>>> print(open('coords-v4.pdb').read())   # PDB, C-alpha atoms
MODEL        1
ATOM      1  CA  PRO A   1     112.057  90.849 122.020  1.00  0.00           C
ATOM      2  CA  GLY A   2     108.835  92.781 122.647  1.00  0.00           C
ATOM      3  CA  TRP A   3     109.882  94.018 126.078  1.00  0.00           C
ATOM      4  CA  GLN A   4     113.345  95.007 124.828  1.00  0.00           C
ATOM      5  CA  THR A   5     111.862  96.911 121.909  1.00  0.00           C
ATOM      6  CA  LYS A   6     109.407  98.750 124.176  1.00  0.00           C
ATOM      7  CA  GLN A   7     112.232  99.771 126.476  1.00  0.00           C
ATOM      8  CA  TRP A   8     114.310 100.975 123.536  1.00  0.00           C
ATOM      9  CA  LEU A   9     111.372 102.970 122.139  1.00  0.00           C
ATOM     10  CA  ARG A  10     110.799 104.621 125.529  1.00  0.00           C
ATOM     11  CA  ARG A  11     114.459 105.650 125.631  1.00  0.00           C
ATOM     12  CA  GLN A  12     113.946 107.191 122.174  1.00  0.00           C
ATOM     13  CA  GLY A  13     111.075 109.290 123.510  1.00  0.00           C
ATOM     14  CA  VAL A  14     108.139 107.209 122.257  1.00  0.00           C
ATOM     15  CA  TYR A  15     105.487 107.237 124.960  1.00  0.00           C
ATOM     16  CA  HIS A  16     103.268 104.172 125.454  1.00  0.00           C
ATOM     17  CA  PRO A  17     104.729 102.184 122.545  1.00  0.00           C
ATOM     18  CA  SER A  18     102.889  99.176 121.194  1.00  0.00           C
ATOM     19  CA  VAL A  19     105.016  96.319 119.941  1.00  0.00           C
ATOM     20  CA  ILE A  20     103.676  93.258 118.171  1.00  0.00           C
ATOM     21  CA  VAL A  21     105.906  90.202 118.158  1.00  0.00           C
ATOM     22  CA  THR A  22     104.880  87.920 115.295  1.00  0.00           C
ATOM     23  CA  THR A  23     106.282  85.963 112.411  1.00  0.00           C
ATOM     24  CA  LYS A  24     103.326  87.118 110.268  1.00  0.00           C
ATOM     25  CA  LYS A  25     104.328  90.744 109.895  1.00  0.00           C
ATOM     26  CA  GLY A  26     102.502  91.372 106.632  1.00  0.00           C
ATOM     27  CA  GLU A  27      99.240  90.088 108.057  1.00  0.00           C
ATOM     28  CA  ALA A  28      99.729  92.102 111.263  1.00  0.00           C
ATOM     29  CA  ALA A  29     100.351  95.309 109.286  1.00  0.00           C
ATOM     30  CA  ARG A  30      97.175  94.685 107.306  1.00  0.00           C
ATOM     31  CA  VAL A  31      95.053  93.977 110.396  1.00  0.00           C
ATOM     32  CA  ILE A  32      96.182  97.079 112.290  1.00  0.00           C
ATOM     33  CA  ALA A  33      96.244  99.212 109.112  1.00  0.00           C
ATOM     34  CA  ALA A  34      99.813 100.324 109.779  1.00  0.00           C
ATOM     35  CA  ASP A  35     100.903 103.490 108.011  1.00  0.00           C
ATOM     36  CA  TYR A  36     104.644 102.776 108.217  1.00  0.00           C
ATOM     37  CA  SER A  37     107.022  99.971 109.072  1.00  0.00           C
ATOM     38  CA  ILE A  38     110.752  99.533 109.446  1.00  0.00           C
ATOM     39  CA  GLU A  39     112.468  96.185 109.083  1.00  0.00           C
ATOM     40  CA  ASP A  40     116.004  94.898 108.815  1.00  0.00           C
ATOM     41  CA  LYS A  41     114.873  91.627 107.247  1.00  0.00           C
ATOM     42  CA  ILE A  42     114.124  92.468 103.629  1.00  0.00           C
ATOM     43  CA  GLU A  43     111.639  89.611 103.193  1.00  0.00           C
ATOM     44  CA  ASN A  44     109.541  91.015 106.053  1.00  0.00           C
ATOM     45  CA  ALA A  45     109.570  94.498 104.529  1.00  0.00           C
ATOM     46  CA  TRP A  46     108.403  93.084 101.187  1.00  0.00           C
ATOM     47  CA  CYS A  47     105.643  91.041 102.851  1.00  0.00           C
ATOM     48  CA  ILE A  48     104.415  94.080 104.782  1.00  0.00           C
ATOM     49  CA  HIS A  49     104.346  96.110 101.579  1.00  0.00           C
ATOM     50  CA  TRP A  50     102.674  93.429  99.443  1.00  0.00           C
ATOM     51  CA  ILE A  51     100.132  92.100 101.943  1.00  0.00           C
ATOM     52  CA  SER A  52      98.928  95.387 103.427  1.00  0.00           C
ATOM     53  CA  ASP A  53      95.707  96.822 102.044  1.00  0.00           C
ATOM     54  CA  LYS A  54      95.279 100.066 100.157  1.00  0.00           C
ATOM     55  CA  PRO A  55      96.740 102.364 101.081  1.00  0.00           C
ATOM     56  CA  GLN A  56      99.737 100.118 101.449  1.00  0.00           C
ATOM     57  CA  THR A  57     101.924 100.300 104.508  1.00  0.00           C
ATOM     58  CA  ARG A  58     105.005 102.309 103.597  1.00  0.00           C
ATOM     59  CA  SER A  59     107.812  99.882 104.352  1.00  0.00           C
ATOM     60  CA  TYR A  60     111.352 101.032 105.002  1.00  0.00           C
ATOM     61  CA  ILE A  61     114.404  98.792 105.145  1.00  0.00           C
ATOM     62  CA  LEU A  62     117.039  99.394 107.780  1.00  0.00           C
ATOM     63  CA  ASN A  63     120.170  99.325 105.668  1.00  0.00           C
ATOM     64  CA  ARG A  64     122.508  96.511 106.713  1.00  0.00           C
ATOM     65  CA  LEU A  65     125.230  94.533 104.931  1.00  0.00           C
ATOM     66  CA  TYR A  66     123.235  91.299 105.242  1.00  0.00           C
ATOM     67  CA  ASN A  67     120.103  92.639 103.510  1.00  0.00           C
ATOM     68  CA  GLN A  68     121.574  93.905 100.246  1.00  0.00           C
ATOM     69  CA  VAL A  69     119.949  92.441  97.136  1.00  0.00           C
ATOM     70  CA  PRO A  70     119.901  93.542  93.524  1.00  0.00           C
ATOM     71  CA  ASN A  71     116.807  95.431  92.408  1.00  0.00           C
ATOM     72  CA  THR A  72     115.433  93.205  89.665  1.00  0.00           C
ATOM     73  CA  PRO A  73     111.845  92.559  88.534  1.00  0.00           C
ATOM     74  CA  GLU A  74     112.148  88.961  89.753  1.00  0.00           C
ATOM     75  CA  ILE A  75     112.948  90.077  93.277  1.00  0.00           C
ATOM     76  CA  GLY A  76     110.388  92.818  93.641  1.00  0.00           C
ATOM     77  CA  LYS A  77     109.823  96.411  94.493  1.00  0.00           C
ATOM     78  CA  ASP A  78     112.724  98.517  95.639  1.00  0.00           C
ATOM     79  CA  LEU A  79     111.676  99.939  99.006  1.00  0.00           C
ATOM     80  CA  PRO A  80     113.272 102.999 100.608  1.00  0.00           C
ATOM     81  CA  ARG A  81     116.322 102.342 102.748  1.00  0.00           C
ATOM     82  CA  VAL A  82     117.414 104.215 105.842  1.00  0.00           C
ATOM     83  CA  ASP A  83     120.656 103.910 107.762  1.00  0.00           C
ATOM     84  CA  THR A  84     119.226 104.591 111.220  1.00  0.00           C
ATOM     85  CA  VAL A  85     115.940 104.565 113.072  1.00  0.00           C
ATOM     86  CA  ASP A  86     116.345 108.330 113.505  1.00  0.00           C
ATOM     87  CA  GLU A  87     116.474 108.708 109.725  1.00  0.00           C
ATOM     88  CA  PHE A  88     113.283 106.615 109.450  1.00  0.00           C
ATOM     89  CA  LEU A  89     111.550 108.770 112.068  1.00  0.00           C
ATOM     90  CA  ASN A  90     112.625 111.919 110.218  1.00  0.00           C
ATOM     91  CA  CYS A  91     111.255 110.509 106.947  1.00  0.00           C
ATOM     92  CA  ILE A  92     107.865 109.620 108.363  1.00  0.00           C
ATOM     93  CA  THR A  93     107.603 112.821 110.381  1.00  0.00           C
ATOM     94  CA  TRP A  94     108.296 114.846 107.218  1.00  0.00           C
ATOM     95  CA  ASP A  95     105.784 112.734 105.274  1.00  0.00           C
ATOM     96  CA  VAL A  96     103.055 113.303 107.897  1.00  0.00           C
ATOM     97  CA  ARG A  97     103.596 117.084 107.764  1.00  0.00           C
ATOM     98  CA  THR A  98     103.257 117.328 103.971  1.00  0.00           C
TER      99      THR A  98
ENDMDL
END
>>> encode(input="coords-v4.pdb", output="structure tokens")
Amino acid sequence: PGWQTKQWLRRQGVYHPSVIVTTKKGEAARVIAADYSIEDKIENAWCIHWISDKPQTRSYILNRLYNQVPNTPEIGKDLPRVDTVDEFLNCITWDVRT
């Protein structure tokens, strides 16, 4: 998965991408002090958001049919959703500029 993701990122114009393959995504985001993340697995996005230190990693969820859940207090924070990676990149690029 890491090699495939690096190749995909290069095709998207990301030079020298770093990809971390781990099941402990929240811990990894905390250790590297990630500013942003994008996930299609909602549990991973929540873990990244909850486990990361202040300032918290801004987690985005890649909108898919299989990751729809109701936004209730029992489930947790409603994180921003994007339909495409391009939309995510536009969001974080805009955020960095402001």
>>> closest_residue(input="coords-v4.pdb", among="A:Ile38, A:Val31, A:Val85, A:Val69", to="Lys54 of chain A", atoms="only C-alpha atoms")
A:Val31
>>> closest_residue(input="coords-v4.pdb", among="A:Glu27, A:Glu43, A:Asp35, A:Asp53", to="Leu79 of chain A", atoms="all atoms listed in the file")
A:Glu43
>>> closest_residue(input="coords-v4.pdb", among="A:Asn67, A:Ile32, A:Ile20, A:Lys25", to="Ile48 of chain A", atoms="all atoms listed in the file")
A:Lys25
>>> atom_distance(input="coords-v4.pdb", atom1="atom CA of Pro55 of chain A", atom2="atom CA of Ile92 of chain A")
15.1 Å
>>> axis_aligned_box(input="coords-v4.pdb", around="segment 32-50 of chain A", padding_each_side="3 Å", output="lines of an AutoDock Vina configuration file")
center_x = 106.1
center_y = 96.6
center_z = 105.9
size_x = 25.8
size_y = 19.9
size_z = 18.8
>>> atom_distance(input="coords-v4.pdb", atom1="atom CA of Gln12 of chain A", atom2="atom CA of Asp83 of chain A")
16.2 Å
>>> residues_around(input="coords-v4.pdb", residues="Phe88 of chain A", least_positions_apart="5", cutoff="12 Å", atoms="only C-alpha atoms", output="short mmCIF file (atom, residue, chain, number, x, y, z; two decimals) with C-alpha atoms, keeping the file's coordinate frame")
data_model
loop_
_atom_site.label_atom_id
_atom_site.label_comp_id
_atom_site.auth_asym_id
_atom_site.auth_seq_id
_atom_site.Cartn_x
_atom_site.Cartn_y
_atom_site.Cartn_z
CA TYR A 36 104.64 102.78 108.22
CA SER A 37 107.02 99.97 109.07
CA ILE A 38 110.75 99.53 109.45
CA GLU A 39 112.47 96.18 109.08
CA ARG A 58 105.00 102.31 103.60
CA SER A 59 107.81 99.88 104.35
CA TYR A 60 111.35 101.03 105.00
CA ILE A 61 114.40 98.79 105.14
CA LEU A 62 117.04 99.39 107.78
CA ASN A 63 120.17 99.32 105.67
CA PRO A 80 113.27 103.00 100.61
CA ARG A 81 116.32 102.34 102.75
CA VAL A 82 117.41 104.22 105.84
CA ASP A 83 120.66 103.91 107.76
CA THR A 93 107.60 112.82 110.38
CA TRP A 94 108.30 114.85 107.22
CA ASP A 95 105.78 112.73 105.27
#
>>> atom_distance(input="coords-v4.pdb", atom1="atom CA of Ser18 of chain A", atom2="atom CA of Ala33 of chain A")
13.8 Å
>>> residues_around(input="coords-v4.pdb", residues="Val21 of chain A", least_positions_apart="2", cutoff="10 Å", atoms="only C-alpha atoms", output="PyMOL selection string")
chain A and resi 1-3+5+18-19+23-25+28
>>> closest_residue(input="coords-v4.pdb", among="A:Asp40, A:Trp50, A:Asp86, A:Ala34", to="Gly13 of chain A", atoms="only C-alpha atoms")
A:Asp86
>>> residues_around(input="coords-v4.pdb", residues="Ile51 of chain A", least_positions_apart="2", cutoff="9 Å", atoms="all atoms listed in the file", output="PDB file with C-alpha atoms, in the frame of the given file")
ATOM      1  CA  GLY A  26     102.502  91.372 106.632  1.00  0.00           C
ATOM      2  CA  GLU A  27      99.240  90.088 108.057  1.00  0.00           C
ATOM      3  CA  ALA A  29     100.351  95.309 109.286  1.00  0.00           C
ATOM      4  CA  ARG A  30      97.175  94.685 107.306  1.00  0.00           C
ATOM      5  CA  TRP A  46     108.403  93.084 101.187  1.00  0.00           C
ATOM      6  CA  CYS A  47     105.643  91.041 102.851  1.00  0.00           C
ATOM      7  CA  ILE A  48     104.415  94.080 104.782  1.00  0.00           C
ATOM      8  CA  HIS A  49     104.346  96.110 101.579  1.00  0.00           C
ATOM      9  CA  ASP A  53      95.707  96.822 102.044  1.00  0.00           C
ATOM     10  CA  GLN A  56      99.737 100.118 101.449  1.00  0.00           C
ATOM     11  CA  THR A  57     101.924 100.300 104.508  1.00  0.00           C
TER      12      THR A  57
END
